[in-house]
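Peer 1: Sharing input-v7.cif below, mmCIF, C-alpha atoms and all ligand atoms:
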```cif
data_upload
#
loop_
_atom_site.label_atom_id
_atom_site.label_comp_id
_atom_site.auth_asym_id
_atom_site.auth_seq_id
_atom_site.Cartn_x
_atom_site.Cartn_y
_atom_site.Cartn_z
CA MET A 385 -6.86 1.93 13.18
CA LEU A 386 -3.48 0.24 12.79
CA GLU A 387 -1.29 -0.27 15.84
CA ILE A 388 2.13 -1.83 15.39
CA THR A 389 4.18 -2.41 18.52
CA ASN A 390 7.79 -3.53 18.75
CA LEU A 391 7.54 -5.58 15.57
CA HIS A 392 10.46 -7.84 14.73
CA ALA A 393 10.47 -9.83 11.49
CA LYS A 394 12.88 -12.05 9.62
CA VAL A 395 13.31 -12.88 5.96
CA GLY A 396 15.22 -16.15 5.75
CA ASP A 397 17.53 -15.97 8.73
CA ARG A 398 18.03 -12.19 8.52
CA GLU A 399 16.21 -9.92 10.91
CA ILE A 400 14.93 -6.94 8.88
CA LEU A 401 12.37 -5.30 11.18
CA LYS A 402 13.95 -4.62 14.54
CA GLY A 403 11.39 -3.30 16.95
CA LEU A 404 9.14 -1.18 14.74
CA THR A 405 6.40 0.80 16.47
CA LEU A 406 3.85 2.78 14.48
CA SER A 407 0.26 3.85 14.80
CA VAL A 408 -2.07 5.11 12.07
CA LYS A 409 -5.42 6.69 12.91
CA ALA A 410 -8.63 6.65 10.87
CA GLY A 411 -8.75 9.67 8.56
CA GLU A 412 -4.99 9.94 8.48
CA VAL A 413 -2.64 9.91 5.53
CA ALA A 414 0.74 8.85 6.84
CA ALA A 415 3.95 8.60 4.85
CA ILE A 416 6.85 6.30 5.55
CA MET A 417 10.09 7.46 4.04
CA GLY A 418 13.49 5.92 4.35
CA PRO A 419 16.66 4.85 2.58
CA ASN A 420 16.86 1.85 0.27
CA GLY A 421 17.04 -1.40 2.20
CA ALA A 422 15.53 0.12 5.35
CA GLY A 423 12.75 -2.48 5.49
CA LYS A 424 9.85 -0.49 4.02
CA SER A 425 8.70 -3.18 1.60
CA THR A 426 9.33 -5.83 4.25
CA LEU A 427 6.88 -4.01 6.53
CA ALA A 428 4.28 -3.97 3.74
CA HIS A 429 4.72 -7.68 3.07
CA VAL A 430 4.56 -8.59 6.76
CA LEU A 431 1.31 -6.64 7.16
CA ALA A 432 -0.16 -8.31 4.07
CA GLY A 433 0.84 -11.74 5.38
CA ARG A 434 3.18 -12.74 2.59
CA GLU A 435 4.82 -16.13 2.83
CA GLY A 436 8.49 -16.23 3.82
CA TYR A 437 8.22 -13.30 6.24
CA GLU A 438 8.41 -14.48 9.83
CA VAL A 439 7.33 -12.32 12.73
CA THR A 440 9.51 -13.14 15.72
CA ALA A 441 8.24 -10.58 18.23
CA GLY A 442 5.78 -7.74 18.64
CA SER A 443 2.21 -7.20 17.53
CA ALA A 444 0.05 -5.54 14.88
CA THR A 445 -3.64 -4.89 15.37
CA PHE A 446 -6.15 -3.60 12.82
CA GLU A 447 -9.25 -2.01 14.35
CA GLY A 448 -8.40 -3.85 17.54
CA ALA A 449 -8.11 -7.32 15.98
CA ASP A 450 -4.86 -9.29 15.87
CA LEU A 451 -3.86 -8.74 12.24
CA LEU A 452 -0.97 -11.20 12.33
CA ALA A 453 -3.29 -14.07 13.30
CA LEU A 454 -5.37 -13.62 10.13
CA GLU A 455 -4.79 -15.35 6.79
CA PRO A 456 -3.96 -12.91 3.94
CA ASN A 457 -7.48 -13.17 2.44
CA ALA A 458 -9.04 -12.42 5.82
CA ARG A 459 -6.80 -9.35 6.15
CA ALA A 460 -8.09 -8.15 2.79
CA ALA A 461 -11.68 -8.85 3.82
CA ALA A 462 -11.08 -6.87 7.00
CA GLY A 463 -10.30 -3.91 4.76
CA LEU A 464 -6.54 -3.91 4.25
CA PHE A 465 -5.27 -3.23 0.74
CA LEU A 466 -1.67 -3.53 -0.36
CA GLY A 467 -0.41 -1.83 -3.52
CA PHE A 468 2.83 -3.46 -4.58
CA GLN A 469 6.10 -1.79 -5.44
CA TYR A 470 6.29 -4.25 -8.34
CA PRO A 471 2.75 -5.19 -9.46
CA VAL A 472 2.56 -8.73 -10.83
CA GLU A 473 1.21 -9.73 -14.23
CA ILE A 474 -1.47 -12.43 -14.33
CA PRO A 475 -1.85 -13.63 -17.93
CA GLY A 476 -5.21 -15.18 -18.80
CA VAL A 477 -7.14 -13.49 -15.96
CA SER A 478 -8.94 -10.36 -17.08
CA ASN A 479 -8.55 -7.30 -14.90
CA LEU A 480 -12.28 -6.82 -14.49
CA LEU A 481 -13.05 -10.46 -13.74
CA PHE A 482 -10.18 -10.52 -11.26
CA LEU A 483 -11.48 -7.45 -9.43
CA ARG A 484 -15.09 -8.59 -9.37
CA THR A 485 -14.05 -12.00 -8.06
CA ALA A 486 -11.79 -10.45 -5.40
CA LEU A 487 -14.47 -7.98 -4.34
CA ASN A 488 -17.13 -10.68 -4.03
CA ALA A 489 -14.78 -13.03 -2.17
CA GLN A 490 -14.12 -10.24 0.34
CA ARG A 491 -17.82 -9.44 0.67
CA LYS A 492 -18.58 -13.11 1.25
CA LEU A 493 -16.01 -13.32 4.06
CA ARG A 494 -17.69 -10.28 5.60
CA GLY A 495 -21.09 -11.92 5.26
CA GLU A 496 -22.27 -9.40 2.63
CA ALA A 497 -24.15 -10.06 -0.60
CA GLU A 498 -22.36 -10.02 -3.96
CA ILE A 499 -22.12 -6.67 -5.74
CA SER A 500 -24.71 -6.28 -8.50
CA GLY A 501 -23.54 -6.10 -12.10
CA ALA A 502 -24.91 -2.57 -12.40
CA GLU A 503 -23.18 -1.32 -9.26
CA PHE A 504 -19.90 -2.93 -10.31
CA LEU A 505 -20.05 -1.34 -13.77
CA LYS A 506 -20.83 2.04 -12.24
CA ARG A 507 -17.71 1.85 -10.10
CA VAL A 508 -15.64 0.67 -13.07
CA ARG A 509 -16.84 3.56 -15.24
CA GLU A 510 -16.22 6.21 -12.57
CA GLU A 511 -12.80 5.02 -11.51
CA SER A 512 -11.50 4.25 -15.00
CA ALA A 513 -12.53 7.72 -16.16
CA VAL A 514 -10.60 9.41 -13.34
CA LEU A 515 -7.55 7.26 -13.93
CA GLY A 516 -7.59 7.37 -17.70
CA LEU A 517 -7.78 3.60 -18.16
CA ASP A 518 -9.79 2.42 -21.17
CA MET A 519 -12.12 -0.58 -21.21
CA GLU A 520 -9.89 -2.46 -23.64
CA MET A 521 -7.06 -2.37 -21.09
CA LEU A 522 -9.34 -3.41 -18.28
CA LYS A 523 -10.43 -6.52 -20.15
CA ARG A 524 -6.87 -7.60 -20.78
CA GLY A 525 -4.98 -9.95 -18.43
CA VAL A 526 -4.09 -8.26 -15.12
CA ASN A 527 -1.19 -5.90 -15.84
CA VAL A 528 -0.26 -7.85 -18.98
CA GLY A 529 1.53 -5.57 -21.43
CA PHE A 530 0.98 -2.56 -19.15
CA SER A 531 3.70 0.07 -18.91
CA GLY A 532 5.10 0.86 -15.45
CA GLY A 533 2.81 3.88 -15.21
CA GLU A 534 -0.24 1.89 -16.32
CA LYS A 535 0.46 -0.74 -13.66
CA LYS A 536 0.48 1.96 -10.99
CA ARG A 537 -2.71 3.50 -12.34
CA ASN A 538 -4.20 0.03 -12.23
CA GLU A 539 -3.26 -0.20 -8.54
CA ALA A 540 -5.18 3.02 -7.92
CA PHE A 541 -8.06 1.57 -9.95
CA GLN A 542 -8.11 -1.55 -7.76
CA LEU A 543 -8.27 0.73 -4.74
CA GLY A 544 -11.29 2.54 -6.15
CA ILE A 545 -13.11 -0.69 -6.97
CA LEU A 546 -12.34 -2.68 -3.82
CA GLN A 547 -12.84 0.35 -1.54
CA PRO A 548 -10.85 -1.00 1.41
CA LYS A 549 -10.57 0.84 4.74
CA PHE A 550 -6.82 0.99 4.79
CA ALA A 551 -4.52 1.40 1.81
CA LEU A 552 -0.88 0.54 2.16
CA LEU A 553 0.86 1.74 -0.98
CA ASP A 554 4.46 0.74 -1.56
CA GLU A 555 6.32 3.16 -3.82
CA THR A 556 3.23 3.81 -5.90
CA ASP A 557 5.14 6.76 -7.32
CA SER A 558 8.15 4.84 -8.59
CA GLY A 559 8.53 4.89 -12.36
CA LEU A 560 5.78 7.46 -12.90
CA ASP A 561 6.20 10.47 -15.12
CA ILE A 562 4.71 13.77 -13.96
CA ASP A 563 1.32 13.25 -15.64
CA ALA A 564 0.91 9.70 -14.34
CA LEU A 565 2.00 10.85 -10.88
CA ARG A 566 -0.72 13.49 -10.89
CA ILE A 567 -3.36 10.98 -12.03
CA VAL A 568 -2.39 8.34 -9.46
CA SER A 569 -2.30 11.03 -6.76
CA GLU A 570 -5.83 12.06 -7.71
CA GLY A 571 -6.90 8.43 -7.27
CA ILE A 572 -5.36 8.37 -3.79
CA ASN A 573 -6.86 11.74 -2.85
CA ARG A 574 -10.30 10.53 -3.93
CA PHE A 575 -9.86 7.60 -1.58
CA ARG A 576 -9.14 9.83 1.44
CA SER A 577 -11.97 9.99 3.98
CA PRO A 578 -12.46 10.31 7.75
CA GLU A 579 -13.25 6.57 7.97
CA ARG A 580 -10.21 5.45 6.00
CA ALA A 581 -6.47 5.65 6.33
CA VAL A 582 -3.58 5.60 3.88
CA LEU A 583 0.00 4.60 4.53
CA LEU A 584 2.24 5.78 1.70
CA ILE A 585 5.64 4.22 1.46
CA THR A 586 7.94 6.36 -0.62
CA HIS A 587 11.59 7.00 -1.12
CA TYR A 588 11.06 10.47 -2.55
CA GLN A 589 9.22 13.58 -1.46
CA ARG A 590 7.57 14.39 -4.81
CA LEU A 591 4.50 12.17 -4.28
CA LEU A 592 3.83 14.14 -1.10
CA ASP A 593 3.53 17.36 -3.13
CA HIS A 594 0.37 15.82 -4.59
CA VAL A 595 -0.90 13.76 -1.67
CA LYS A 596 -0.38 15.90 1.40
CA PRO A 597 0.39 13.66 4.39
CA ASP A 598 -0.79 14.43 7.93
CA VAL A 599 2.28 12.78 9.37
CA VAL A 600 5.67 11.59 8.10
CA HIS A 601 7.62 8.71 9.64
CA VAL A 602 11.20 7.80 8.86
CA LEU A 603 12.08 4.10 8.72
CA ALA A 604 15.76 3.27 9.01
CA GLY A 605 17.46 0.08 10.10
CA GLY A 606 14.15 -1.70 10.63
CA ARG A 607 12.63 0.84 13.03
CA ILE A 608 10.76 4.13 12.96
CA VAL A 609 13.47 6.56 13.99
CA GLU A 610 11.72 9.89 13.52
CA THR A 611 8.18 11.23 13.17
CA GLY A 612 7.09 14.71 12.10
CA GLY A 613 4.84 16.77 9.85
CA PRO A 614 5.09 17.31 6.08
CA ASP A 615 8.11 19.56 6.67
CA LEU A 616 10.11 16.48 7.70
CA ALA A 617 9.76 15.13 4.14
CA LEU A 618 11.06 18.42 2.73
CA ARG A 619 14.00 18.34 5.11
CA LEU A 620 14.89 14.78 4.09
CA GLU A 621 14.66 15.76 0.43
CA ALA A 622 17.12 18.58 1.06
CA GLN A 623 19.48 16.68 3.34
CA GLY A 624 19.22 13.07 2.16
CA TYR A 625 19.10 10.12 4.51
CA GLU A 626 22.66 10.44 5.68
CA GLY A 627 22.78 11.31 9.32
CA ILE A 628 19.48 9.56 10.06
CA ALA A 629 20.09 7.38 13.09
CA ALA A 630 19.55 3.75 12.07
P1 LIG B 1 13.15 -1.07 1.25
O1 LIG B 1 11.80 -1.39 0.71
O2 LIG B 1 13.13 -0.13 2.41
O3 LIG B 1 14.09 -0.58 0.19
P2 LIG B 1 13.25 -3.92 1.75
O4 LIG B 1 12.24 -4.16 2.80
O5 LIG B 1 12.91 -4.28 0.36
O6 LIG B 1 13.77 -2.41 1.84
O7 LIG B 1 14.57 -4.71 2.15
C1 LIG B 1 15.15 -4.61 3.45
C2 LIG B 1 16.33 -5.54 3.52
O8 LIG B 1 15.86 -6.88 3.46
C3 LIG B 1 17.33 -5.37 2.38
O9 LIG B 1 18.63 -5.48 2.91
C4 LIG B 1 17.00 -6.52 1.47
O10 LIG B 1 18.14 -6.94 0.76
C5 LIG B 1 16.54 -7.58 2.44
N1 LIG B 1 15.56 -8.48 1.83
C6 LIG B 1 14.35 -8.14 1.34
N2 LIG B 1 13.72 -9.20 0.84
C7 LIG B 1 14.55 -10.24 1.01
C8 LIG B 1 14.49 -11.64 0.69
N3 LIG B 1 13.40 -12.15 0.10
N4 LIG B 1 15.54 -12.40 1.03
C9 LIG B 1 16.60 -11.87 1.66
N5 LIG B 1 16.76 -10.59 1.97
C10 LIG B 1 15.75 -9.78 1.65
MG MG B 2 13.81 -0.20 -2.14
MG MG B 3 10.88 -1.24 -1.10
#
```
Could you rewrite the structure in this file as structure tokens?
Ligand code: ADP
Ligand code: MG
Ligand code: MG

Peer 2:
Amino acid sequence: MLEITNLHAKVGDREILKGLTLSVKAGEVAAIMGPNGAGKSTLAHVLAGREGYEVTAGSATFEGADLLALEPNARAAAGLFLGFQYPVEIPGVSNLLFLRTALNAQRKLRGEAEISGAEFLKRVREESAVLGLDMEMLKRGVNVGFSGGEKKRNEAFQLGILQPKFALLDETDSGLDIDALRIVSEGINRFRSPERAVLLITHYQRLLDHVKPDVVHVLAGGRIVETGGPDLALRLEAQGYEGIAA
């Protein structure tokens, strides 16, 4: 589904990704772990097409199409979702209006009809119930006045409403207490399906107790330096990142 080959990328004049190669298959939940500053968030931003991140070599394809040639909105319409490490607040734009507008913009780019009000509300009710978000919160400005945990639950809510094909979640577990971690994990597990893929970026193993990955990659020094099964995450938790070849 996602094929990244020898990707090099710069932020400013610093090269952060230095020949990263990674492939994620449909149906797979893959984790990327790695030390602080390894380039995990940079990878997420490059894939999402964020401004200021310059790809200098390599390629990334999504379902065979050149992802890097697409504008960010076209990447989203193609089915790529990015959950941010630090979700932004958007005062004055209600959560629900934001999501309905985003969903319809994506459907339009795909040549699909707008979602009906009834269908949208059905999704909102189902997902908000699972994630423990009340209607009052969902009508407020996007993430405005939300706690760290609520912002992360809102990311999982967006995932459930937009129903992308590929979810790239950057440290969705950071700042969550145990209950919120369990709730967000349930949201991610609900999203799992043979037609979809999830790439979980995390610094810690604990998220992977709740969302069992099929494969674990280690990112260090701007490259994937090791790949293994769930046991690799346990080993890193026990040993730390020291000794990982960067
Ligand atoms: P991780 O998410 O793995 O902790 P990041 O991708 O956030 O790492 O950062 C990788 C490196 O890139 C770090 O050394 C960081 O300081 C640097 N970096 C990230 N964003 C910027 C930026 N906007 N300007 C300059 N350096 C940056
Ligand atoms: Mg970090
Ligand atoms: Mg990061």

Peer 1: Kindly provide the residues of chain A that approach ligand MG 2 (chain B) to within 8 Å, each paired with its closest atom pair and their distance in Å to one decimal, based on all atoms listed in the file, listed by chain and increasing number, as JSON lines.

Peer 2:
```
{"residue": "A:Pro419", "atom": "CA", "partner": "B:MG2", "partner_atom": "MG", "distance": 7.5}
{"residue": "A:Asn420", "atom": "CA", "partner": "B:MG2", "partner_atom": "MG", "distance": 4.4}
{"residue": "A:Gly421", "atom": "CA", "partner": "B:MG2", "partner_atom": "MG", "distance": 5.5}
{"residue": "A:Ala422", "atom": "CA", "partner": "B:MG2", "partner_atom": "MG", "distance": 7.7}
{"residue": "A:Lys424", "atom": "CA", "partner": "B:MG2", "partner_atom": "MG", "distance": 7.3}
{"residue": "A:Ser425", "atom": "CA", "partner": "B:MG2", "partner_atom": "MG", "distance": 7.0}
{"residue": "A:His587", "atom": "CA", "partner": "B:MG2", "partner_atom": "MG", "distance": 7.6}
```

Peer 1: Find the residue from A:Gly624, A:Gly467, A:Gly433, A:Gly442 that sits nearest to ligand MG 3 (chain B); use only C-alpha atoms and all ligand atoms when measuring.

Peer 2: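 Comparing A:Gly624, A:Gly467, A:Gly433, A:Gly442 against ligand MG 3 (chain B), the winner is A:Gly467.
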
Peer 1: Of the candidates A:Met385, A:Ala486, A:Met417, A:Val602, which one gets nearest to ligand MG 3 (chain B) if we count only C-alpha atoms and all ligand atoms?

Peer 2: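 Counting only C-alpha atoms and all ligand atoms, the residue closest to ligand MG 3 (chain B) is A:Met417.
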
Peer 1: Show me, as a VMD selection string, the residues that have an atom within 10 Å of Lys596 (chain A) when counting all atoms listed in the file, minus same-chain residues fewer than 5 positions from it.

Peer 2: chain A and resid 413 to 415 569 573 591 613 to 614

Peer 1: For the interface of chain A with ligand LIG 1 (chain B) (cut-off 10 Å, counting all atoms listed in the file), please tabulate each contacting residue of chain A alongside its nearest pair of atoms and their separation in Å to one decimal, rows sorted by chain and increasing number, as JSON lines.

Peer 2:
```
{"residue": "A:Lys394", "atom": "CA", "partner": "B:LIG1", "partner_atom": "O8", "distance": 8.6}
{"residue": "A:Val395", "atom": "CA", "partner": "B:LIG1", "partner_atom": "N4", "distance": 5.4}
{"residue": "A:Gly396", "atom": "CA", "partner": "B:LIG1", "partner_atom": "N4", "distance": 6.0}
{"residue": "A:Asp397", "atom": "CA", "partner": "B:LIG1", "partner_atom": "C9", "distance": 8.2}
{"residue": "A:Arg398", "atom": "CA", "partner": "B:LIG1", "partner_atom": "N5", "distance": 6.9}
{"residue": "A:Glu399", "atom": "CA", "partner": "B:LIG1", "partner_atom": "O8", "distance": 8.1}
{"residue": "A:Ile400", "atom": "CA", "partner": "B:LIG1", "partner_atom": "O8", "distance": 5.5}
{"residue": "A:Leu401", "atom": "CA", "partner": "B:LIG1", "partner_atom": "C1", "distance": 8.2}
{"residue": "A:Ile416", "atom": "CA", "partner": "B:LIG1", "partner_atom": "O2", "distance": 9.5}
{"residue": "A:Met417", "atom": "CA", "partner": "B:LIG1", "partner_atom": "O2", "distance": 8.3}
{"residue": "A:Gly418", "atom": "CA", "partner": "B:LIG1", "partner_atom": "O2", "distance": 6.4}
{"residue": "A:Pro419", "atom": "CA", "partner": "B:LIG1", "partner_atom": "O2", "distance": 6.1}
{"residue": "A:Asn420", "atom": "CA", "partner": "B:LIG1", "partner_atom": "O3", "distance": 3.7}
{"residue": "A:Gly421", "atom": "CA", "partner": "B:LIG1", "partner_atom": "O6", "distance": 3.4}
{"residue": "A:Ala422", "atom": "CA", "partner": "B:LIG1", "partner_atom": "O2", "distance": 3.8}
{"residue": "A:Gly423", "atom": "CA", "partner": "B:LIG1", "partner_atom": "O4", "distance": 3.2}
{"residue": "A:Lys424", "atom": "CA", "partner": "B:LIG1", "partner_atom": "O2", "distance": 3.7}
{"residue": "A:Ser425", "atom": "CA", "partner": "B:LIG1", "partner_atom": "O1", "distance": 3.7}
{"residue": "A:Thr426", "atom": "CA", "partner": "B:LIG1", "partner_atom": "O4", "distance": 3.7}
{"residue": "A:Leu427", "atom": "CA", "partner": "B:LIG1", "partner_atom": "O4", "distance": 6.5}
{"residue": "A:Ala428", "atom": "CA", "partner": "B:LIG1", "partner_atom": "O4", "distance": 8.0}
{"residue": "A:His429", "atom": "CA", "partner": "B:LIG1", "partner_atom": "O4", "distance": 8.3}
{"residue": "A:Val430", "atom": "CA", "partner": "B:LIG1", "partner_atom": "O4", "distance": 9.7}
{"residue": "A:Glu435", "atom": "CA", "partner": "B:LIG1", "partner_atom": "N3", "distance": 9.8}
{"residue": "A:Gly436", "atom": "CA", "partner": "B:LIG1", "partner_atom": "N3", "distance": 7.4}
{"residue": "A:Tyr437", "atom": "CA", "partner": "B:LIG1", "partner_atom": "N3", "distance": 8.1}
{"residue": "A:Gln469", "atom": "CA", "partner": "B:LIG1", "partner_atom": "O1", "distance": 8.4}
{"residue": "A:Asp554", "atom": "CA", "partner": "B:LIG1", "partner_atom": "O1", "distance": 8.0}
{"residue": "A:Glu555", "atom": "CA", "partner": "B:LIG1", "partner_atom": "O1", "distance": 8.4}
{"residue": "A:Ile585", "atom": "CA", "partner": "B:LIG1", "partner_atom": "O1", "distance": 8.4}
{"residue": "A:Thr586", "atom": "CA", "partner": "B:LIG1", "partner_atom": "O1", "distance": 8.8}
{"residue": "A:His587", "atom": "CA", "partner": "B:LIG1", "partner_atom": "O3", "distance": 8.1}
{"residue": "A:Leu603", "atom": "CA", "partner": "B:LIG1", "partner_atom": "O2", "distance": 7.7}
{"residue": "A:Ala604", "atom": "CA", "partner": "B:LIG1", "partner_atom": "O2", "distance": 7.9}
{"residue": "A:Gly605", "atom": "CA", "partner": "B:LIG1", "partner_atom": "C1", "distance": 8.5}
{"residue": "A:Gly606", "atom": "CA", "partner": "B:LIG1", "partner_atom": "C1", "distance": 7.8}
```

Peer 1: So which residues touch Leu515 (chain A) within 10 Å, counting only C-alpha atoms, skipping near sequence neighbours fewer than 6 positions away, as a list in words?

Peer 2: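 That gives Glu534, Arg537, Asn538, Ala540, Phe541, Gly544, Ala564, Arg566, Ile567, Val568, Ser569, Glu570 and Gly571 of chain A.
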
Peer 1: Which is closer to Ile499 (chain A) than all the others in A:Val477, A:Leu565, A:Val408, A:Leu487, using all atoms listed in the file?

Peer 2: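 Result for the nearest residue to Ile499 (chain A): A:Leu487.
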
Peer 1: Between CA of Gly532 (chain A) and CA of Asp561 (chain A), measure the distance and give it in Å to one decimal.

Peer 2: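 Interatomic distance, CA of Gly532 (chain A) to CA of Asp561 (chain A): 9.7 Å.
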
Peer 1: Which residues are near region 470-473 of chain A? Cut-off 9 Å, all atoms listed in the file, ignore same chain within fewer than 4 positions. Put them as number ranges by chain.

Peer 2: A: 525-530, 532, 535-536, 539, 554-556

Peer 1: Go ahead and compute the interatomic distance for CA of Glu621 (chain A) and CA of Gly533 (chain A), in Å to one decimal.

Peer 2: 22.9 Å

Peer 1: Please rebuild region 468-494 of chain A with N, CA and C atoms and give the result as a PDB file, keeping the file's coordinate frame.

Peer 2:
```
ATOM      1  N   PHE A 468       1.449  -2.978  -4.530  1.00  0.00           N
ATOM      2  CA  PHE A 468       2.830  -3.460  -4.580  1.00  0.00           C
ATOM      3  C   PHE A 468       3.787  -2.487  -5.238  1.00  0.00           C
ATOM      4  N   GLN A 469       5.048  -2.547  -4.771  1.00  0.00           N
ATOM      5  CA  GLN A 469       6.100  -1.790  -5.440  1.00  0.00           C
ATOM      6  C   GLN A 469       6.273  -2.320  -6.873  1.00  0.00           C
ATOM      7  N   TYR A 470       6.172  -3.633  -7.020  1.00  0.00           N
ATOM      8  CA  TYR A 470       6.290  -4.250  -8.340  1.00  0.00           C
ATOM      9  C   TYR A 470       5.035  -5.078  -8.622  1.00  0.00           C
ATOM     10  N   PRO A 471       3.993  -4.455  -9.216  1.00  0.00           N
ATOM     11  CA  PRO A 471       2.750  -5.190  -9.460  1.00  0.00           C
ATOM     12  C   PRO A 471       2.997  -6.394 -10.369  1.00  0.00           C
ATOM     13  N   VAL A 472       2.343  -7.506 -10.052  1.00  0.00           N
ATOM     14  CA  VAL A 472       2.560  -8.730 -10.830  1.00  0.00           C
ATOM     15  C   VAL A 472       1.609  -8.791 -12.028  1.00  0.00           C
ATOM     16  N   GLU A 473       2.055  -9.492 -13.067  1.00  0.00           N
ATOM     17  CA  GLU A 473       1.210  -9.730 -14.230  1.00  0.00           C
ATOM     18  C   GLU A 473       0.536 -11.092 -14.066  1.00  0.00           C
ATOM     19  N   ILE A 474      -0.751 -11.160 -14.408  1.00  0.00           N
ATOM     20  CA  ILE A 474      -1.470 -12.430 -14.330  1.00  0.00           C
ATOM     21  C   ILE A 474      -2.101 -12.715 -15.687  1.00  0.00           C
ATOM     22  N   PRO A 475      -1.323 -13.367 -16.591  1.00  0.00           N
ATOM     23  CA  PRO A 475      -1.850 -13.630 -17.930  1.00  0.00           C
ATOM     24  C   PRO A 475      -3.071 -14.544 -17.854  1.00  0.00           C
ATOM     25  N   GLY A 476      -4.051 -14.295 -18.707  1.00  0.00           N
ATOM     26  CA  GLY A 476      -5.210 -15.180 -18.800  1.00  0.00           C
ATOM     27  C   GLY A 476      -6.327 -14.843 -17.821  1.00  0.00           C
ATOM     28  N   VAL A 477      -6.079 -13.890 -16.897  1.00  0.00           N
ATOM     29  CA  VAL A 477      -7.140 -13.490 -15.960  1.00  0.00           C
ATOM     30  C   VAL A 477      -7.456 -12.025 -16.209  1.00  0.00           C
ATOM     31  N   SER A 478      -8.640 -11.747 -16.733  1.00  0.00           N
ATOM     32  CA  SER A 478      -8.940 -10.360 -17.080  1.00  0.00           C
ATOM     33  C   SER A 478      -9.035  -9.502 -15.821  1.00  0.00           C
ATOM     34  N   ASN A 479      -8.548  -8.278 -15.971  1.00  0.00           N
ATOM     35  CA  ASN A 479      -8.550  -7.300 -14.900  1.00  0.00           C
ATOM     36  C   ASN A 479      -9.907  -7.186 -14.216  1.00  0.00           C
ATOM     37  N   LEU A 480     -10.948  -7.056 -15.049  1.00  0.00           N
ATOM     38  CA  LEU A 480     -12.280  -6.820 -14.490  1.00  0.00           C
ATOM     39  C   LEU A 480     -12.814  -8.061 -13.778  1.00  0.00           C
ATOM     40  N   LEU A 481     -12.580  -9.225 -14.366  1.00  0.00           N
ATOM     41  CA  LEU A 481     -13.050 -10.460 -13.740  1.00  0.00           C
ATOM     42  C   LEU A 481     -12.303 -10.671 -12.418  1.00  0.00           C
ATOM     43  N   PHE A 482     -11.014 -10.394 -12.459  1.00  0.00           N
ATOM     44  CA  PHE A 482     -10.180 -10.520 -11.260  1.00  0.00           C
ATOM     45  C   PHE A 482     -10.726  -9.646 -10.128  1.00  0.00           C
ATOM     46  N   LEU A 483     -11.033  -8.384 -10.466  1.00  0.00           N
ATOM     47  CA  LEU A 483     -11.480  -7.450  -9.430  1.00  0.00           C
ATOM     48  C   LEU A 483     -12.866  -7.813  -8.895  1.00  0.00           C
ATOM     49  N   ARG A 484     -13.744  -8.236  -9.808  1.00  0.00           N
ATOM     50  CA  ARG A 484     -15.090  -8.590  -9.370  1.00  0.00           C
ATOM     51  C   ARG A 484     -15.053  -9.826  -8.473  1.00  0.00           C
ATOM     52  N   THR A 485     -14.194 -10.783  -8.855  1.00  0.00           N
ATOM     53  CA  THR A 485     -14.050 -12.000  -8.060  1.00  0.00           C
ATOM     54  C   THR A 485     -13.457 -11.686  -6.683  1.00  0.00           C
ATOM     55  N   ALA A 486     -12.430 -10.824  -6.674  1.00  0.00           N
ATOM     56  CA  ALA A 486     -11.790 -10.450  -5.400  1.00  0.00           C
ATOM     57  C   ALA A 486     -12.782  -9.710  -4.509  1.00  0.00           C
ATOM     58  N   LEU A 487     -13.508  -8.773  -5.108  1.00  0.00           N
ATOM     59  CA  LEU A 487     -14.470  -7.980  -4.340  1.00  0.00           C
ATOM     60  C   LEU A 487     -15.548  -8.881  -3.737  1.00  0.00           C
ATOM     61  N   ASN A 488     -16.065  -9.805  -4.538  1.00  0.00           N
ATOM     62  CA  ASN A 488     -17.130 -10.680  -4.030  1.00  0.00           C
ATOM     63  C   ASN A 488     -16.610 -11.668  -2.991  1.00  0.00           C
ATOM     64  N   ALA A 489     -15.376 -12.121  -3.173  1.00  0.00           N
ATOM     65  CA  ALA A 489     -14.780 -13.030  -2.170  1.00  0.00           C
ATOM     66  C   ALA A 489     -14.662 -12.302  -0.831  1.00  0.00           C
ATOM     67  N   GLN A 490     -14.255 -11.020  -0.889  1.00  0.00           N
ATOM     68  CA  GLN A 490     -14.120 -10.240   0.340  1.00  0.00           C
ATOM     69  C   GLN A 490     -15.492  -9.995   0.977  1.00  0.00           C
ATOM     70  N   ARG A 491     -16.469  -9.680   0.134  1.00  0.00           N
ATOM     71  CA  ARG A 491     -17.820  -9.440   0.670  1.00  0.00           C
ATOM     72  C   ARG A 491     -18.368 -10.702   1.314  1.00  0.00           C
ATOM     73  N   LYS A 492     -18.096 -11.840   0.701  1.00  0.00           N
ATOM     74  CA  LYS A 492     -18.580 -13.110   1.250  1.00  0.00           C
ATOM     75  C   LYS A 492     -17.980 -13.357   2.636  1.00  0.00           C
ATOM     76  N   LEU A 493     -16.670 -13.132   2.751  1.00  0.00           N
ATOM     77  CA  LEU A 493     -16.010 -13.320   4.060  1.00  0.00           C
ATOM     78  C   LEU A 493     -16.578 -12.380   5.107  1.00  0.00           C
ATOM     79  N   ARG A 494     -17.077 -11.231   4.664  1.00  0.00           N
ATOM     80  CA  ARG A 494     -17.690 -10.280   5.600  1.00  0.00           C
ATOM     81  C   ARG A 494     -19.170 -10.562   5.818  1.00  0.00           C
TER      82      ARG A 494
END
```
